[in-house]
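These notes concern the structure reproduced below.
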Amino acid sequence: EFTLKWRERVTFEQLARDDWELFMSVFSTPDRVQHMFYQYYDEGHPQYDPAVAERKTMFFGKEIMLKEAIPAIFREVDRVVGRVLDEVLTDGDVLLMCADHGLQSFRYQVHINNLLHELGFLALKDGATVKEGDKLTSYIDWKNTRAYAMGLGYIYLNLQGREKYGIVKPDEVDATMREISDALLAWRHPETGEQVVESVYNLSEIHTGDFIDRESDLVTGFSPFYRVSWSTNSGKMPLKEVDGQVVPGPIIVDNTSPWSGGHPSVAEHQVRGLFFSSQPAELPEGGPNLLHIAPTVLDLLGVDVPAEMDLPPLKIGS
């Protein structure tokens, strides 16, 4: 509440100066509230407790229940947008609103390295200990591993010439990535039968530029309620001991963190951000992309759009 009110005050103080042609303001509070409050909003969340969800608190001068915080924060942002439309915009002005992503309830963590092991792409070294599962370089049998994961759903090939002990040859890359993608998409939750991975993105088909070699090879796109595990972020592989033998732990576990809403590693179409224009806009099939925004702003300002921009400007206005 403090953060949103502070940003609202700064925004309108600056808007009142009226010496600008382009003004941008960022409101991150809806993101933060959703990340932290889905455990109270989503009745299917492992942490959902009706008694706690109905606990009351003061929020923007009104008494609400914790389960009402997510709708409440959107109403506050809508109020701010209404102020801009009513108090600031004049004929010829354009207000564009865009979010870089949406959110989903984050119920279940997916240990991607454990999943890659089950699918046959990652091998556990002989004699690995449970403690070694906390360090990427300690538990993997690199001579028999074709892929591993770390970060927010990123999957890397154990590529010859790039990784220290790489075994995937350059002419095997495309086939290996298709094999991994097909296996992930076909895998089902062992208890519910749900499809866990909805999309797998080949970054070489999506991104371009001088630094593409610093990215992963694939990115998972999980179904709603699933997200990359906290352990996978740092390349860990939870292990357990069964009858004196160290084996991979479960692939899917409950999310017990207060960070109960998420979007990284979720399928892109499941976490689309919003777009709003105060004037009519011609939108491409499939909707606008964030890469449309910069060229659109330049076009509205009468500035030539650089040729290196990836997408053309949207047509705004009647």
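Letters A, B, ... go to the chains of the structure tokens in the order shown; residues in each chain start at 1; ligands are counted from 1 in the same order.
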
**Request:** Write out as a VMD selection string which residues come within 8 Å of range 163-178 of chain A when counting only C-alpha atoms, dropping same-chain ones fewer than 5 positions away.
**Result:** chain A and resid 142 to 146 157 to 158 202 217 to 218

**Item:** Exercise: Lys236 in chain A partners within 8 Å, only C-alpha atoms, chain neighbours under 5 positions left out, as a list in words
**Value:** Asn113, Gly133, Asp134, Lys135, Leu136, Met150 and Ser231 of chain A

**Message:** Could you check the closest approach to Glu215 in chain A for each of A:Tyr108, A:Tyr156, A:Phe59, A:Phe74 and tell me which residue wins, using only C-alpha atoms?
**Reply:**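 Answer, going by the shortest atom-to-atom distance: A:Tyr156.
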
**Message:** When you count only C-alpha atoms, which of these residues is closest to Val253 in chain A: A:Thr29, A:Ser223, A:Asn114, A:Ser277?
**Reply:**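 Of all the options, A:Asn114 lies closest to Val253 in chain A.
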
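From CA of Pro264 in chain A back to CA of Cys98 in chain A, the distance works out to 17.8 Å.
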
**Item:** Which residue of A:His45, A:Leu300, A:Glu285, A:Glu198 approaches Asp93 in chain A most closely, using only C-alpha atoms
**Value:**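 Result for the nearest residue to Asp93 in chain A: A:Leu300.
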
**Request:** Find the residues around Val246 in chain A up to 8 Å (only C-alpha atoms counted), leave out those fewer than 5 positions away in its own chain, and share them as a ChimeraX atom specification.
**Result:** /A:127-130,239-241

Given the selection you just returned, output its residues as a file containing all heavy atoms, formatted as a PDB file, in the first residue's frame.
```pdb
ATOM      1  N   GLY A 127      28.162 -43.602  -6.684  1.00  0.00           N
ATOM      2  CA  GLY A 127      28.686 -43.177  -5.400  1.00  0.00           C
ATOM      3  C   GLY A 127      28.266 -41.784  -4.967  1.00  0.00           C
ATOM      4  O   GLY A 127      28.812 -41.240  -3.998  1.00  0.00           O
ATOM      5  N   ALA A 128      27.319 -41.179  -5.679  1.00  0.00           N
ATOM      6  CA  ALA A 128      26.857 -39.846  -5.285  1.00  0.00           C
ATOM      7  C   ALA A 128      26.230 -39.903  -3.893  1.00  0.00           C
ATOM      8  O   ALA A 128      25.591 -40.894  -3.516  1.00  0.00           O
ATOM      9  CB  ALA A 128      25.840 -39.324  -6.288  1.00  0.00           C
ATOM     10  N   THR A 129      26.412 -38.838  -3.134  1.00  0.00           N
ATOM     11  CA  THR A 129      25.823 -38.741  -1.800  1.00  0.00           C
ATOM     12  C   THR A 129      24.650 -37.768  -1.827  1.00  0.00           C
ATOM     13  O   THR A 129      24.531 -36.942  -2.740  1.00  0.00           O
ATOM     14  CB  THR A 129      26.848 -38.248  -0.773  1.00  0.00           C
ATOM     15  OG1 THR A 129      27.243 -36.901  -1.112  1.00  0.00           O
ATOM     16  CG2 THR A 129      28.080 -39.143  -0.775  1.00  0.00           C
ATOM     17  N   VAL A 130      23.780 -37.884  -0.843  1.00  0.00           N
ATOM     18  CA  VAL A 130      22.623 -36.988  -0.766  1.00  0.00           C
ATOM     19  C   VAL A 130      23.080 -35.534  -0.729  1.00  0.00           C
ATOM     20  O   VAL A 130      22.501 -34.667  -1.392  1.00  0.00           O
ATOM     21  CB  VAL A 130      21.764 -37.324   0.476  1.00  0.00           C
ATOM     22  CG1 VAL A 130      20.700 -36.262   0.698  1.00  0.00           C
ATOM     23  CG2 VAL A 130      21.133 -38.704   0.318  1.00  0.00           C
ATOM     24  N   LEU A 239      18.173 -35.483  -3.748  1.00  0.00           N
ATOM     25  CA  LEU A 239      18.445 -36.915  -3.697  1.00  0.00           C
ATOM     26  C   LEU A 239      17.960 -37.473  -2.363  1.00  0.00           C
ATOM     27  O   LEU A 239      17.786 -36.745  -1.390  1.00  0.00           O
ATOM     28  CB  LEU A 239      19.945 -37.178  -3.858  1.00  0.00           C
ATOM     29  CG  LEU A 239      20.612 -36.616  -5.117  1.00  0.00           C
ATOM     30  CD1 LEU A 239      22.124 -36.829  -5.061  1.00  0.00           C
ATOM     31  CD2 LEU A 239      20.016 -37.249  -6.372  1.00  0.00           C
ATOM     32  N   LYS A 240      17.758 -38.777  -2.318  1.00  0.00           N
ATOM     33  CA  LYS A 240      17.369 -39.438  -1.080  1.00  0.00           C
ATOM     34  C   LYS A 240      18.039 -40.801  -1.022  1.00  0.00           C
ATOM     35  O   LYS A 240      18.504 -41.331  -2.045  1.00  0.00           O
ATOM     36  CB  LYS A 240      15.851 -39.594  -0.990  1.00  0.00           C
ATOM     37  CG  LYS A 240      15.245 -40.462  -2.080  1.00  0.00           C
ATOM     38  CD  LYS A 240      13.725 -40.551  -1.946  1.00  0.00           C
ATOM     39  CE  LYS A 240      13.133 -41.448  -3.037  1.00  0.00           C
ATOM     40  NZ  LYS A 240      11.659 -41.539  -2.914  1.00  0.00           N
ATOM     41  N   GLU A 241      18.092 -41.369   0.164  1.00  0.00           N
ATOM     42  CA  GLU A 241      18.707 -42.676   0.336  1.00  0.00           C
ATOM     43  C   GLU A 241      17.630 -43.717   0.567  1.00  0.00           C
ATOM     44  O   GLU A 241      16.773 -43.565   1.430  1.00  0.00           O
ATOM     45  CB  GLU A 241      19.679 -42.659   1.510  1.00  0.00           C
ATOM     46  CG  GLU A 241      20.523 -43.923   1.615  1.00  0.00           C
ATOM     47  CD  GLU A 241      21.629 -43.800   2.639  1.00  0.00           C
ATOM     48  OE1 GLU A 241      22.161 -42.691   2.809  1.00  0.00           O
ATOM     49  OE2 GLU A 241      21.955 -44.826   3.268  1.00  0.00           O
TER      50      GLU A 241
END
```

**Complete:** Using only C-alpha atoms, the residue out of A:Phe106, A:Tyr148, A:Phe276, A:Phe121 with shortest distance to Gly44 in chain A is A:Phe106

**Prompt:** Hey, can you check how far CA of Phe23 in chain A sits from CA of Asp91 in chain A?
**Reply:**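 Distance between the two atoms: 16.1 Å.
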
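Shortest atom-to-atom contact with Gly92 in chain A among A:Glu21, A:Pro248, A:Phe275, A:Ile73: A:Glu21, counting only C-alpha atoms.
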
**Request:** Among the residues of range 107-181 of chain A, find those DSSP assigns to strand (DSSP E or B) from the backbone and print them as a ChimeraX atom specification.
**Result:** /A:107-110,124,140,147-150,154-157,159-160,163,168

**Interatomic distance, CA of Ser257 in chain A to CA of Glu54 in chain A (Å, one decimal)** =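 Separation of CA of Ser257 in chain A and CA of Glu54 in chain A: 19.4 Å.
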
**Message:** Here is a test: counting only C-alpha atoms, which residue of A:Ala51, A:Val200, A:Val305, A:Ala149 is nearest to Leu115 in chain A?
**Reply:**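 That would be A:Ala149, the residue with the smallest distance to Leu115 in chain A.
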
**Message:** Just want the 9 Å neighbourhood of Thr232 in chain A, counted on only C-alpha atoms, with same-chain residues fewer than 5 positions away dropped. Output as a PyMOL selection string.
**Reply:** chain A and resi 110-113+149-153+237-238

**Request:** Can you list, as an NGL selection string, all residues belonging to range 53-224 of chain A that DSSP tags as helix (DSSP H, G or I)?
**Result:** :A and (53 or 66-87 or 112-118 or 130-134 or 136-139 or 142-144 or 170-186 or 203-205 or 212-214)
